[in-house]
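**Student:** data-v3.cif is the file, holding mmCIF, C-alpha atoms:
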data_start
loop_
_atom_site.label_atom_id
_atom_site.label_comp_id
_atom_site.auth_asym_id
_atom_site.auth_seq_id
_atom_site.Cartn_x
_atom_site.Cartn_y
_atom_site.Cartn_z
CA MET U 1 -6.62 -25.73 12.55
CA GLY U 2 -7.96 -28.41 14.85
CA LEU U 3 -8.49 -30.75 11.91
CA VAL U 4 -4.87 -30.30 10.79
CA ALA U 5 -3.66 -30.90 14.34
CA ILE U 6 -5.51 -34.24 14.38
CA ALA U 7 -4.79 -35.21 10.77
CA PRO U 8 -1.73 -33.40 9.30
CA SER U 9 -2.53 -34.78 5.84
CA PHE U 10 -5.34 -32.23 5.61
CA SER U 11 -2.79 -29.42 5.69
CA PRO U 12 -1.86 -27.84 2.32
CA ALA U 13 1.74 -27.90 3.58
CA GLY U 14 1.56 -31.50 4.82
CA GLY U 15 1.48 -30.56 8.49
CA ALA U 16 2.35 -27.72 10.83
CA SER U 17 4.89 -27.18 13.58
CA PRO U 18 3.91 -25.37 16.80
CA TRP U 19 5.60 -22.22 15.47
CA GLN U 20 3.67 -22.45 12.19
CA PHE U 21 0.46 -22.94 14.14
CA LEU U 22 1.16 -19.81 16.20
CA ALA U 23 2.21 -17.79 13.14
CA ALA U 24 -0.97 -18.77 11.30
CA LEU U 25 -3.09 -17.92 14.32
CA MET U 26 -1.42 -14.50 14.71
CA ILE U 27 -1.26 -13.92 10.91
CA THR U 28 2.37 -12.84 11.07
CA PRO U 29 4.64 -12.42 8.02
CA PRO U 30 6.60 -15.55 7.02
CA LEU U 31 10.03 -15.70 8.62
CA HIS U 32 11.49 -18.87 7.13
CA ARG U 33 11.86 -20.71 3.83
CA PRO U 34 10.47 -22.59 2.10
CA TYR U 35 7.07 -21.36 3.19
CA ALA U 36 3.64 -22.86 2.61
CA GLU U 37 0.38 -21.97 4.33
CA PRO U 38 -0.27 -24.79 6.82
CA PHE U 39 -4.03 -24.29 7.23
CA LEU U 40 -5.68 -21.93 4.75
CA VAL U 41 -4.01 -21.41 1.38
CA ALA U 42 -5.55 -17.96 0.98
CA GLU U 43 -4.16 -16.78 4.33
CA TRP U 44 -1.13 -15.25 2.61
CA THR U 45 -3.35 -12.34 1.57
CA LEU U 46 -4.39 -11.79 5.19
CA ARG U 47 -0.74 -11.32 6.10
CA TYR U 48 -0.62 -8.34 3.75
CA GLU U 49 -3.96 -7.02 4.99
CA ILE U 50 -2.69 -6.91 8.57
CA ILE U 51 0.16 -4.65 7.42
CA PHE U 52 -2.30 -2.38 5.62
CA TYR U 53 -4.52 -2.15 8.71
CA LEU U 54 -1.53 -1.20 10.83
CA LEU U 55 -0.55 1.49 8.33
CA PHE U 56 -4.06 2.92 8.43
CA LEU U 57 -3.88 2.97 12.21
CA VAL U 58 -0.66 4.95 11.95
CA LEU U 59 -2.32 7.32 9.46
CA LEU U 60 -5.08 8.06 11.97
CA LYS U 61 -2.48 8.98 14.56
CA SER U 62 0.25 10.72 12.57
CA ARG U 63 0.42 11.59 8.88
CA SER U 64 4.14 12.29 9.02
CA LEU U 65 4.89 8.90 10.56
CA PHE U 66 2.60 7.31 7.98
CA VAL U 67 4.66 8.83 5.18
CA VAL U 68 7.89 7.63 6.78
CA LEU U 69 6.61 4.06 7.13
CA THR U 70 4.90 3.79 3.75
CA LEU U 71 7.81 5.14 1.72
CA PRO U 72 9.89 1.93 2.03
CA VAL U 73 6.74 -0.10 1.39
CA LEU U 74 6.13 1.84 -1.82
CA ILE U 75 9.76 1.44 -2.88
CA ALA U 76 9.64 -2.31 -2.19
CA GLY U 77 6.54 -2.63 -4.35
CA MET U 78 8.19 -0.77 -7.22
CA VAL U 79 11.38 -2.82 -6.92
CA SER U 80 9.34 -6.01 -7.26
CA LEU U 81 8.36 -5.00 -10.79
CA SER U 82 11.92 -5.35 -12.06
CA SER U 83 13.59 -7.91 -9.80
CA THR U 84 12.90 -11.21 -8.07
CA THR U 85 13.85 -12.29 -4.57
CA GLU U 86 13.76 -15.54 -2.65
CA GLU U 87 11.68 -16.53 0.36
CA PRO U 88 11.00 -15.00 2.79
CA THR U 89 12.31 -11.71 1.33
CA ASN U 90 9.84 -11.92 -1.54
CA PHE U 91 7.02 -11.33 0.94
CA TRP U 92 8.32 -7.81 1.54
CA VAL U 93 9.42 -7.09 -2.03
CA ALA U 94 6.05 -7.70 -3.67
CA PRO U 95 3.66 -5.83 -5.98
CA TYR U 96 0.76 -6.26 -3.56
CA PHE U 97 1.92 -3.22 -1.61
CA LEU U 98 1.22 -1.09 -4.67
CA LEU U 99 -2.40 -2.28 -4.62
CA PHE U 100 -2.72 -0.71 -1.18
CA PHE U 101 -1.91 2.70 -2.63
CA MET U 102 -4.25 2.09 -5.57
CA GLY U 103 -7.08 1.52 -3.12
CA MET U 104 -6.29 4.79 -1.38
CA ALA U 105 -6.13 6.59 -4.72
CA GLY U 106 -9.47 5.08 -5.72
CA GLY U 107 -11.10 6.31 -2.52
CA TRP U 108 -9.70 9.79 -3.08
CA ALA U 109 -10.87 9.82 -6.71
CA PHE U 110 -14.38 8.76 -5.71
CA LYS U 111 -14.70 11.55 -3.16
CA SER U 112 -12.78 14.35 -4.88
CA LEU U 113 -12.74 14.04 -8.66
CA PRO U 114 -15.68 15.08 -10.85
CA ILE U 115 -16.59 12.03 -12.92
CA GLY U 116 -19.17 13.03 -15.49
CA ARG U 117 -19.78 9.66 -17.12
CA PRO U 118 -18.94 6.90 -14.65
CA ALA U 119 -20.50 4.26 -16.90
CA TRP U 120 -17.70 4.78 -19.41
CA LEU U 121 -15.17 4.42 -16.60
CA LEU U 122 -16.85 1.17 -15.57
CA VAL U 123 -16.78 -0.14 -19.14
CA LEU U 124 -13.11 0.80 -19.46
CA GLY U 125 -12.26 -1.04 -16.26
CA LEU U 126 -14.21 -4.14 -17.25
CA ALA U 127 -12.49 -4.18 -20.64
CA GLY U 128 -9.17 -3.96 -18.83
CA LEU U 129 -10.10 -6.87 -16.57
CA ILE U 130 -11.02 -9.00 -19.57
CA ALA U 131 -7.71 -8.14 -21.22
CA CYS U 132 -5.79 -9.00 -18.04
CA ALA U 133 -7.67 -12.29 -17.73
CA TRP U 134 -6.75 -13.16 -21.32
CA VAL U 135 -3.08 -12.39 -20.67
CA ALA U 136 -3.12 -14.37 -17.41
CA TYR U 137 -4.68 -17.32 -19.23
CA ARG U 138 -1.93 -17.37 -21.85
CA THR U 139 1.05 -16.53 -19.62
CA ASP U 140 2.16 -16.57 -16.01
CA ILE U 141 0.95 -13.89 -13.62
CA THR U 142 3.89 -11.52 -13.31
CA PRO U 143 4.25 -8.63 -10.83
CA LEU U 144 3.50 -6.20 -13.66
CA LEU U 145 0.30 -8.07 -14.52
CA THR U 146 -0.67 -8.06 -10.84
CA VAL U 147 -0.37 -4.28 -10.79
CA ALA U 148 -2.36 -4.02 -14.03
CA ILE U 149 -5.15 -6.12 -12.53
CA GLY U 150 -5.15 -3.90 -9.46
CA LEU U 151 -5.30 -0.76 -11.58
CA VAL U 152 -8.25 -1.83 -13.73
CA SER U 153 -10.01 -3.21 -10.64
CA THR U 154 -9.66 0.20 -9.00
CA ILE U 155 -11.17 1.78 -12.11
CA VAL U 156 -14.09 -0.67 -11.96
CA VAL U 157 -14.74 0.07 -8.28
CA VAL U 158 -14.63 3.85 -8.75
CA GLY U 159 -16.82 3.70 -11.86
CA ALA U 160 -19.38 1.39 -10.26
CA ALA U 161 -19.51 3.41 -7.05
CA ARG U 162 -20.01 6.64 -8.98
CA ALA U 163 -22.62 5.10 -11.27
CA GLU U 164 -24.83 4.00 -8.39
CA THR U 165 -24.54 7.24 -6.38
CA GLY U 166 -28.04 8.55 -5.77
CA ARG U 167 -29.61 5.86 -7.96
CA PRO U 168 -29.81 2.61 -6.00
CA SER U 169 -31.05 -0.30 -8.05
CA ALA U 170 -31.84 -3.94 -7.46
CA LEU U 171 -28.56 -4.93 -9.09
CA ALA U 172 -26.68 -2.52 -6.84
CA ARG U 173 -28.31 -4.08 -3.79
CA VAL U 174 -27.24 -7.53 -4.95
CA PHE U 175 -23.63 -6.42 -5.31
CA THR U 176 -23.82 -4.61 -1.98
CA PHE U 177 -24.93 -7.83 -0.32
CA LEU U 178 -22.12 -9.76 -2.03
CA GLY U 179 -19.73 -7.09 -0.82
CA ASP U 180 -20.97 -7.55 2.74
CA ALA U 181 -20.49 -11.31 2.37
CA SER U 182 -17.17 -11.03 0.53
CA TYR U 183 -15.00 -11.67 3.58
CA SER U 184 -16.84 -14.89 4.42
CA ILE U 185 -16.68 -15.91 0.77
CA TYR U 186 -12.96 -15.21 0.83
CA LEU U 187 -12.39 -17.34 3.93
CA VAL U 188 -14.30 -20.44 2.85
CA HIS U 189 -14.07 -20.41 -0.94
CA TYR U 190 -10.76 -22.26 -1.26
CA PRO U 191 -11.66 -25.29 0.88
CA LEU U 192 -15.02 -25.51 -0.87
CA LEU U 193 -13.39 -25.25 -4.30
CA SER U 194 -10.91 -27.97 -3.37
CA ILE U 195 -13.52 -30.37 -1.99
CA SER U 196 -16.09 -29.83 -4.74
CA THR U 197 -13.47 -30.16 -7.49
CA LYS U 198 -12.31 -33.51 -6.11
CA MET U 199 -15.93 -34.69 -5.95
CA LEU U 200 -16.69 -33.58 -9.52
CA MET U 201 -13.59 -35.00 -11.19
CA PRO U 202 -15.00 -38.54 -11.57
CA VAL U 203 -18.45 -37.21 -12.53
CA THR U 204 -17.89 -34.74 -15.40
CA ASN U 205 -15.23 -34.07 -18.00
CA SER U 206 -16.54 -30.61 -18.87
CA PRO U 207 -14.33 -27.91 -17.33
CA TYR U 208 -16.98 -25.27 -18.00
CA LEU U 209 -19.72 -27.17 -16.18
CA ALA U 210 -17.33 -27.93 -13.33
CA PHE U 211 -16.38 -24.25 -13.12
CA LEU U 212 -20.02 -23.18 -12.85
CA ILE U 213 -20.78 -25.78 -10.19
CA VAL U 214 -17.76 -25.18 -7.97
CA THR U 215 -18.13 -21.40 -8.27
CA GLY U 216 -21.78 -21.63 -7.28
CA LEU U 217 -20.95 -23.88 -4.33
CA ALA U 218 -18.18 -21.55 -3.16
CA LEU U 219 -20.50 -18.53 -3.36
CA ALA U 220 -23.32 -20.37 -1.62
CA GLY U 221 -21.02 -21.57 1.14
CA GLY U 222 -19.56 -18.12 1.67
CA ILE U 223 -22.99 -16.49 1.76
CA GLY U 224 -24.18 -19.13 4.21
CA CYS U 225 -21.18 -18.44 6.44
CA HIS U 226 -21.95 -14.73 6.27
CA LEU U 227 -25.61 -15.16 7.20
CA MET U 228 -25.18 -17.81 9.88
CA VAL U 229 -21.81 -16.90 11.41
CA GLU U 230 -20.42 -13.50 10.46
CA ARG U 231 -23.60 -11.42 10.63
CA PRO U 232 -24.77 -12.80 14.02
CA LEU U 233 -21.30 -12.19 15.45
CA LEU U 234 -21.24 -8.63 14.14
CA ARG U 235 -24.60 -7.94 15.77
CA ARG U 236 -23.08 -8.84 19.14
CA ILE U 237 -20.24 -6.35 18.73
CA PRO U 238 -21.14 -2.79 19.78
CA ARG U 239 -20.60 -0.20 17.07
CA ARG U 240 -18.76 2.00 19.55
CA PRO U 241 -17.23 1.29 22.97
CA PRO U 242 -19.52 1.91 25.97
CA GLY U 243 -19.31 5.53 27.04
CA PHE U 244 -17.54 6.58 23.83
CA GLY U 245 -19.95 9.42 23.06
CA ARG U 246 -19.98 10.63 26.66
CA ARG U 247 -16.20 10.78 26.85
CA ALA U 248 -16.06 12.64 23.54
CA LYS U 249 -18.49 15.27 24.80
CA GLU U 250 -16.63 15.66 28.07
CA SER U 251 -13.34 16.19 26.26
#
So, in terms of structure tokens, how does the structure I just supplied come out?

**Tutor:**
Amino acid sequence: MGLVAIAPSFSPAGGASPWQFLAALMITPPLHRPYAEPFLVAEWTLRYEIIFYLLFLVLLKSRSLFVVLTLPVLIAGMVSLSSTTEEPTNFWVAPYFLLFFMGMAGGWAFKSLPIGRPAWLLVLGLAGLIACAWVAYRTDITPLLTVAIGLVSTIVVVGAARAETGRPSALARVFTFLGDASYSIYLVHYPLLSISTKMLMPVTNSPYLAFLIVTGLALAGGIGCHLMVERPLLRRIPRRPPGFGRRAKES
């Protein structure tokens, strides 16, 4: 943000007003059109995540209120499959809300459903991801395709989680570590992809080689951010507020 304030040309949107700066800092939903992320292109996903976190907070307090609040969200997600809206309404009428419910369904399936052969479930999900990638490569990513990607991704997660239950392996530990680092990877991958792509363009004409290099750099940068920034910060945060256990016993 500081870099954009000094040099607006570094902004994906070509600059940022004070209101855009505040909205990006607070990760609020977009309220105007046309809208472009002024600092981090991937921040649009964080704006949905904040809504999901708030809904989970409501769920912890009141299930009935959770149902009341999530019903219009579910309807908006379903409406997005058959209609298009303009900015900023399209933020609220979007298929991404349906992915929220898929995640909840995946968690319930993992804990409650008997899955005899999770490896087959994992293979099915991976095959679905490959099919979705092929469709996305040949066409535009539509709301229906977004939901399909979310569905097969949920199947992959449930199958993989079930497959490794009680049988930890070296590969599982690698993916667990990548999962721990995923948020840092998410935050830094786009700037690293952008910078490394610009640096590689005059060097190589092979898109496959460029893909491998920029992907490796993005992963390495995200993992480095996780190890040097995120993990040390998390160690400084107490797992529970001081006196939490004592107050619970007293109550």

**Student:** Using only C-alpha atoms, pick whichever of U:Cys225, U:Leu193, U:Leu171, U:Leu121 has the shortest atom-to-atom distance to Ile213 in chain U.

**Tutor:**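 Checking each candidate against Ile213 in chain U, we get U:Leu193 as the closest.
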
**Student:** Output the residue selection produced by the PyMOL selection byres ((chain U and resi 55) around 12) on the file above, formatted as number ranges by chain.

**Tutor:** U: 48-54, 56-71, 73, 97, 100-101, 104

**Student:** Rounded to one decimal place, report the CA of Ile149 in chain U-CA of Met102 in chain U distance in Å.

**Tutor:**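 Separating CA of Ile149 in chain U from CA of Met102 in chain U is a distance of 10.8 Å.
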
**Student:** Which residue gives the smallest distance to Trp92 in chain U among U:Ile75, U:Ala23, U:Ala160, U:Ala210, with only C-alpha atoms counted?

**Tutor:**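 Looking only at the distances to Trp92 in chain U, the closest residue turns out to be U:Ile75.
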
**Student:** Using all atoms listed in the file, which residue out of U:Ala148, U:Leu124, U:Leu233, U:Leu46 lies closest to Leu99 in chain U?

**Tutor:**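 Counting all atoms listed in the file, the residue closest to Leu99 in chain U is U:Ala148.
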
**Student:** How many Å separate CA of Leu122 in chain U from CA of Ala163 in chain U?

**Tutor:**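 Distance reported for this atom pair: 8.2 Å.
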
**Student:** Please report the interatomic distance between CA of Thr146 in chain U and CA of Gly77 in chain U in Å with one decimal.

**Tutor:**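 Interatomic distance here is 11.1 Å.
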
**Student:** Spell out the residues picked by the PyMOL selection byres ((chain U and resi 159) around 9) here, as a count of residues only.

**Tutor:** 21

**Student:** Considering all atoms listed in the file, state which residue in the set U:Ser196, U:Pro72, U:Tyr183, U:Thr215 is at the smallest distance from Leu227 in chain U.

**Tutor:** U:Tyr183

**Student:** The PyMOL selection byres ((chain U and resi 42) around 10) - which residues does that actually catch in the file I just gave you? List them as a PyMOL selection string.

**Tutor:** chain U and resi 37+39-41+43-47+186-191

**Student:** Give me, as a ChimeraX atom specification, all polymer residues having an atom no more than 10 Å from Leu144 in chain U, counting all atoms listed in the file and skipping those fewer than 4 positions away in the same chain.

**Tutor:** /U:78,80-82,95,148-150

**Student:** Taking (8.2, -11.1, -2.2) in the file's own coordinates, collect the residues within 10 Å, counting only C-alpha atoms, and hand them back as a PDB file with C-alpha atoms, keeping the file's coordinate frame.

**Tutor:**
ATOM      1  CA  ALA U  76       9.640  -2.310  -2.190  1.00  0.00           C
ATOM      2  CA  GLY U  77       6.540  -2.630  -4.350  1.00  0.00           C
ATOM      3  CA  SER U  80       9.340  -6.010  -7.260  1.00  0.00           C
ATOM      4  CA  SER U  83      13.590  -7.910  -9.800  1.00  0.00           C
ATOM      5  CA  THR U  84      12.900 -11.210  -8.070  1.00  0.00           C
ATOM      6  CA  THR U  85      13.850 -12.290  -4.570  1.00  0.00           C
ATOM      7  CA  GLU U  86      13.760 -15.540  -2.650  1.00  0.00           C
ATOM      8  CA  GLU U  87      11.680 -16.530   0.360  1.00  0.00           C
ATOM      9  CA  PRO U  88      11.000 -15.000   2.790  1.00  0.00           C
ATOM     10  CA  THR U  89      12.310 -11.710   1.330  1.00  0.00           C
ATOM     11  CA  ASN U  90       9.840 -11.920  -1.540  1.00  0.00           C
ATOM     12  CA  PHE U  91       7.020 -11.330   0.940  1.00  0.00           C
ATOM     13  CA  TRP U  92       8.320  -7.810   1.540  1.00  0.00           C
ATOM     14  CA  VAL U  93       9.420  -7.090  -2.030  1.00  0.00           C
ATOM     15  CA  ALA U  94       6.050  -7.700  -3.670  1.00  0.00           C
ATOM     16  CA  PRO U  95       3.660  -5.830  -5.980  1.00  0.00           C
ATOM     17  CA  TYR U  96       0.760  -6.260  -3.560  1.00  0.00           C
ATOM     18  CA  PRO U 143       4.250  -8.630 -10.830  1.00  0.00           C
TER      19      PRO U 143
END

**Student:** Could you check which of U:Lys111, U:Gly103, U:Gly221, U:His226 is closest to Thr165 in chain U, using only C-alpha atoms?

**Tutor:**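 Ranked by minimum distance to Thr165 in chain U, first place goes to U:Lys111.
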
**Student:** Using all atoms listed in the file, can you tell me which of U:Ser194, U:Met199, U:Arg231, U:Ile185 comes closest to Leu219 in chain U?

**Tutor:** U:Ile185
